[in-house]
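Next up, coords.cif (mmCIF, C-alpha atoms):
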data_entry
#
loop_
_atom_site.label_atom_id
_atom_site.label_comp_id
_atom_site.auth_asym_id
_atom_site.auth_seq_id
_atom_site.Cartn_x
_atom_site.Cartn_y
_atom_site.Cartn_z
CA MET A 1 0.00 0.00 0.00
CA LEU A 2 2.86 2.33 0.82
CA ILE A 3 4.45 1.64 -2.58
CA VAL A 4 1.16 2.44 -4.33
CA ALA A 5 0.84 5.71 -2.37
CA ILE A 6 4.42 6.72 -3.17
CA THR A 7 3.96 5.79 -6.84
CA LEU A 8 0.71 7.74 -7.09
CA GLY A 9 2.35 10.73 -5.36
CA ALA A 10 5.27 10.59 -7.78
CA LEU A 11 2.92 10.33 -10.78
CA LEU A 12 0.89 13.27 -9.50
CA ALA A 13 4.08 15.33 -9.08
CA LEU A 14 5.17 14.41 -12.62
CA ALA A 15 1.75 15.37 -14.01
CA VAL A 16 1.83 18.75 -12.25
CA ALA A 17 5.39 19.36 -13.48
CA GLY A 18 4.38 18.36 -17.01
CA ILE A 19 1.39 20.69 -16.99
CA GLY A 20 3.59 23.51 -15.67
CA THR A 21 6.23 22.84 -18.32
CA TYR A 22 3.59 22.71 -21.04
CA GLY A 23 2.11 25.99 -19.80
CA TRP A 24 5.56 27.62 -19.76
CA TYR A 25 6.34 26.21 -23.22
CA THR A 26 3.01 27.43 -24.61
CA ALA A 27 3.48 30.88 -23.06
CA ARG A 28 7.00 31.06 -24.51
CA GLN A 29 5.71 30.10 -27.96
CA GLU A 30 3.02 32.78 -27.74
CA GLN A 31 5.63 35.33 -26.65
CA GLN A 32 7.91 34.38 -29.55
CA ALA A 33 5.01 34.63 -32.00
CA ALA A 34 4.08 38.06 -30.62
CA GLU A 35 7.72 39.20 -30.91
CA ALA A 36 7.89 37.94 -34.50
CA ALA A 37 4.65 39.73 -35.37
CA GLU A 38 5.95 42.95 -33.78
CA GLN A 39 9.24 42.61 -35.69
CA ALA A 40 7.33 42.11 -38.95
CA ARG A 41 5.12 45.12 -38.13
CA ARG A 42 8.19 47.28 -37.50
CA THR A 43 10.25 46.09 -40.47
CA GLY A 44 7.85 44.65 -43.03
CA PRO A 45 6.05 46.65 -45.69
CA LEU A 46 4.40 49.69 -44.14
CA ALA A 47 0.66 49.95 -44.78
CA LEU A 48 -0.40 53.54 -45.42
CA ALA A 49 -3.92 54.77 -45.85
CA PRO A 50 -4.54 56.44 -49.18
CA ILE A 51 -5.13 60.18 -49.07
CA PRO A 52 -6.02 62.50 -51.93
CA ALA A 53 -2.83 63.42 -53.79
CA PRO A 54 -3.85 64.93 -57.13
CA GLU A 55 -0.33 66.20 -57.88
CA ALA A 56 1.52 63.01 -56.87
CA GLU A 57 2.35 62.19 -60.50
CA SER A 58 3.67 65.70 -61.23
CA ALA A 59 7.19 66.55 -62.36
CA GLU A 60 7.65 68.49 -59.12
CA CYS A 61 6.91 65.42 -57.00
CA ALA A 62 9.14 63.27 -59.19
CA ALA A 63 11.99 65.73 -58.55
CA VAL A 64 11.41 65.68 -54.79
CA ILE A 65 10.97 61.91 -54.50
CA GLY A 66 14.04 61.32 -56.67
CA ALA A 67 16.16 63.52 -54.39
CA LEU A 68 15.19 61.80 -51.13
CA PRO A 69 18.03 59.85 -49.48
CA ARG A 70 18.21 56.06 -49.12
CA GLU A 71 18.89 56.56 -45.42
CA LEU A 72 17.51 59.26 -43.18
CA LYS A 73 19.60 60.69 -40.36
CA VAL A 74 17.68 60.55 -37.07
CA GLY A 75 19.88 61.62 -34.18
CA ASP A 76 23.04 59.55 -34.53
CA ALA A 77 21.32 56.75 -36.46
CA ALA A 78 21.03 56.20 -40.19
CA VAL A 79 17.49 54.89 -40.69
CA PRO A 80 16.96 52.94 -43.93
CA ARG A 81 14.11 53.26 -46.37
CA ARG A 82 11.21 50.98 -45.65
CA GLU A 83 9.03 49.31 -48.24
CA VAL A 84 5.50 50.66 -48.53
CA ALA A 85 2.80 47.98 -48.75
CA GLN A 86 0.96 47.60 -52.03
CA PRO A 87 -1.00 49.31 -53.29
CA ALA A 88 1.47 52.02 -52.37
CA PRO A 89 0.27 55.62 -52.60
CA ALA A 90 2.05 57.50 -55.39
CA ALA A 91 4.89 59.86 -54.44
CA THR A 92 5.23 58.35 -50.97
CA ILE A 93 8.47 57.26 -49.30
CA ALA A 94 8.99 55.76 -45.84
CA TRP A 95 11.95 55.12 -43.59
CA GLY A 96 12.07 52.98 -40.47
CA ASP A 97 13.48 49.85 -38.88
CA ALA A 98 13.12 47.77 -35.74
CA GLU A 99 14.45 50.60 -33.57
CA HIS A 100 12.74 53.53 -35.33
CA ASP A 101 9.05 54.14 -35.90
CA PRO A 102 8.14 55.04 -39.48
CA ILE A 103 8.84 58.44 -40.98
CA THR A 104 7.00 59.23 -44.21
CA VAL A 105 7.07 61.81 -46.96
CA ARG A 106 4.06 62.29 -49.23
CA CYS A 107 4.12 64.66 -52.16
CA GLY A 108 1.31 66.23 -54.16
CA ILE A 109 -1.35 66.02 -51.48
CA ASP A 110 -4.36 68.33 -51.22
CA ALA A 111 -4.13 71.53 -49.25
CA PRO A 112 -4.67 70.71 -45.58
CA ALA A 113 -7.87 71.96 -43.96
CA GLU A 114 -5.72 73.37 -41.15
CA LEU A 115 -4.09 75.85 -43.55
CA THR A 116 -5.86 79.18 -43.19
CA PRO A 117 -4.72 82.79 -43.64
CA THR A 118 -4.17 82.95 -39.87
CA SER A 119 -2.20 79.68 -39.57
CA GLN A 120 1.09 79.89 -37.69
CA LEU A 121 3.83 78.82 -40.09
CA VAL A 122 7.38 77.85 -39.21
CA ASP A 123 10.29 78.78 -41.47
CA VAL A 124 12.94 76.07 -41.70
CA SER A 125 15.83 76.84 -44.03
CA GLY A 126 13.67 79.07 -46.21
CA VAL A 127 10.69 76.69 -46.45
CA SER A 128 7.36 77.54 -44.81
CA TRP A 129 5.88 74.64 -42.85
CA LEU A 130 2.52 74.10 -41.17
CA GLU A 131 2.89 71.93 -38.06
CA ILE A 132 0.04 69.55 -37.21
CA ASN A 133 0.33 67.51 -34.01
CA GLN A 134 -1.71 64.33 -33.75
CA GLY A 135 -1.50 61.95 -30.81
CA GLY A 136 2.19 62.51 -30.09
CA ASP A 137 3.21 62.39 -33.76
CA THR A 138 3.77 65.44 -35.93
CA SER A 139 3.07 66.13 -39.57
CA TRP A 140 4.87 69.02 -41.21
CA LEU A 141 3.37 70.37 -44.44
CA ALA A 142 5.43 72.48 -46.82
CA VAL A 143 2.96 75.10 -47.98
CA ASP A 144 5.04 77.52 -50.07
CA ARG A 145 5.98 75.29 -53.02
CA PRO A 146 4.11 74.40 -56.26
CA VAL A 147 2.97 71.12 -54.58
CA TYR A 148 2.17 70.34 -50.97
CA VAL A 149 4.66 68.00 -49.32
CA ALA A 150 4.02 66.31 -45.96
CA LEU A 151 6.63 64.92 -43.58
CA SER A 152 5.18 62.77 -40.79
CA VAL A 153 7.43 61.87 -37.87
CA PRO A 154 6.90 60.11 -34.55
CA GLY A 155 7.20 62.17 -31.38
CA GLY A 156 10.75 62.72 -30.21
CA THR A 157 12.30 62.44 -33.69
CA GLY A 158 13.90 65.87 -33.60
CA THR A 159 14.30 68.33 -36.44
CA GLY A 160 16.94 66.56 -38.54
CA PRO A 161 14.51 65.07 -41.10
CA LEU A 162 12.65 68.40 -41.35
CA GLN A 163 15.88 70.27 -42.01
CA ASP A 164 17.00 67.70 -44.59
CA LEU A 165 13.68 67.83 -46.44
CA SER A 166 13.71 71.63 -46.32
CA ALA A 167 17.09 71.65 -48.08
CA ILE A 168 15.75 69.32 -50.80
CA LEU A 169 12.59 71.39 -51.31
CA ARG A 170 14.57 74.64 -51.43
CA GLU A 171 16.82 73.12 -54.11
CA LYS A 172 14.19 71.31 -56.20
CA LEU A 173 11.07 73.48 -56.04
CA PRO A 174 10.64 77.23 -56.43
CA LYS A 175 9.21 79.23 -53.57
CA GLN A 176 5.75 80.69 -54.15
CA PRO A 177 3.24 82.60 -52.03
CA VAL A 178 1.33 80.47 -49.53
CA PHE A 179 -1.93 82.05 -50.65
CA PRO A 180 -1.51 83.15 -54.29
#
Could the structure of this file be written out as structure tokens, please?
Amino acid sequence: MLIVAITLGALLALAVAGIGTYGWYTARQEQQAAEAAEQARRTGPLALAPIPAPEAESAECAAVIGALPRELKVGDAAVPRREVAQPAPAATIAWGDAEHDPITVRCGIDAPAELTPTSQLVDVSGVSWLEINQGGDTSWLAVDRPVYVALSVPGGTGTGPLQDLSAILREKLPKQPVFP
């Protein structure tokens, strides 16, 4: 009887250990799957919602898009271009990697509703920008060129990408009045 009790106790202990190990193994698999999905979300093709961009196919946008760098300087890091998921909006470029949230440039978009004669504009290297904050992220819209160009950056990115894009716009597109 004692042997049966010891054997049953040992079997019960093994069953509990097996269930615990299975639970740990399953939780680890779920964690690895979640990490893989997050990695794919941060490095795979970036899905962007389409927005009206009637001038996206223009020569001006082609000049801007063609001048954008393969890597974008963000702080001390060189952030590579990131593929945009199909169907990709025309005249749209993205950068980002596992350590950096996406940064996008869209060219040829419609005039933003936020742009009014009383809008506060920011001059960066000779380009007039309208700043629009949205949930911690910022979109900058160049409003004094023949086409509207938007730069969207995550919070905390700094001004490096804005300065770089300003230099490209100043070189590639002529300045014009904000409200002709």
Would you kindly return, as a CSV table (one decimal) with C-alpha atoms, in the coordinates of the input, each protein, DNA or RNA residue with an atom no farther than 12 Å from any atom of A:Ala77, considering all atoms listed in the file and excluding same-chain residues fewer than 3 positions away?
chain,number,residue,atom,x,y,z
A,71,GLU,CA,18.9,56.6,-45.4
A,72,LEU,CA,17.5,59.3,-43.2
A,73,LYS,CA,19.6,60.7,-40.4
A,74,VAL,CA,17.7,60.6,-37.1
A,80,PRO,CA,17.0,52.9,-43.9
A,95,TRP,CA,12.0,55.1,-43.6
A,96,GLY,CA,12.1,53.0,-40.5
A,97,ASP,CA,13.5,49.8,-38.9
A,99,GLU,CA,14.4,50.6,-33.6
A,100,HIS,CA,12.7,53.5,-35.3
A,157,THR,CA,12.3,62.4,-33.7
A,160,GLY,CA,16.9,66.6,-38.5
A,161,PRO,CA,14.5,65.1,-41.1
Exercise. Using only C-alpha atoms, what residues lie at most 12 Å away from (-6.4, 73.6, -45.6) (file coordinates), given as a ChimeraX atom specification?
Worked result: /A:109-119,130,132,141-143,148,178-179
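In this model, the gap between atom CA of A:Ala98 and atom CA of A:Ala62 comes to 28.4 Å.
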Exercise. Which of these, A:Val105, A:Leu173, A:Ala167, A:Val124, has the shortest distance to A:Leu48 once you count all atoms listed in the file?
Worked result: A:Val105
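Using only C-alpha atoms, the shortest contact distance between A:Ile103 and any of A:Leu68, A:Leu151, A:Val127, A:Ala53 is found at A:Leu151.
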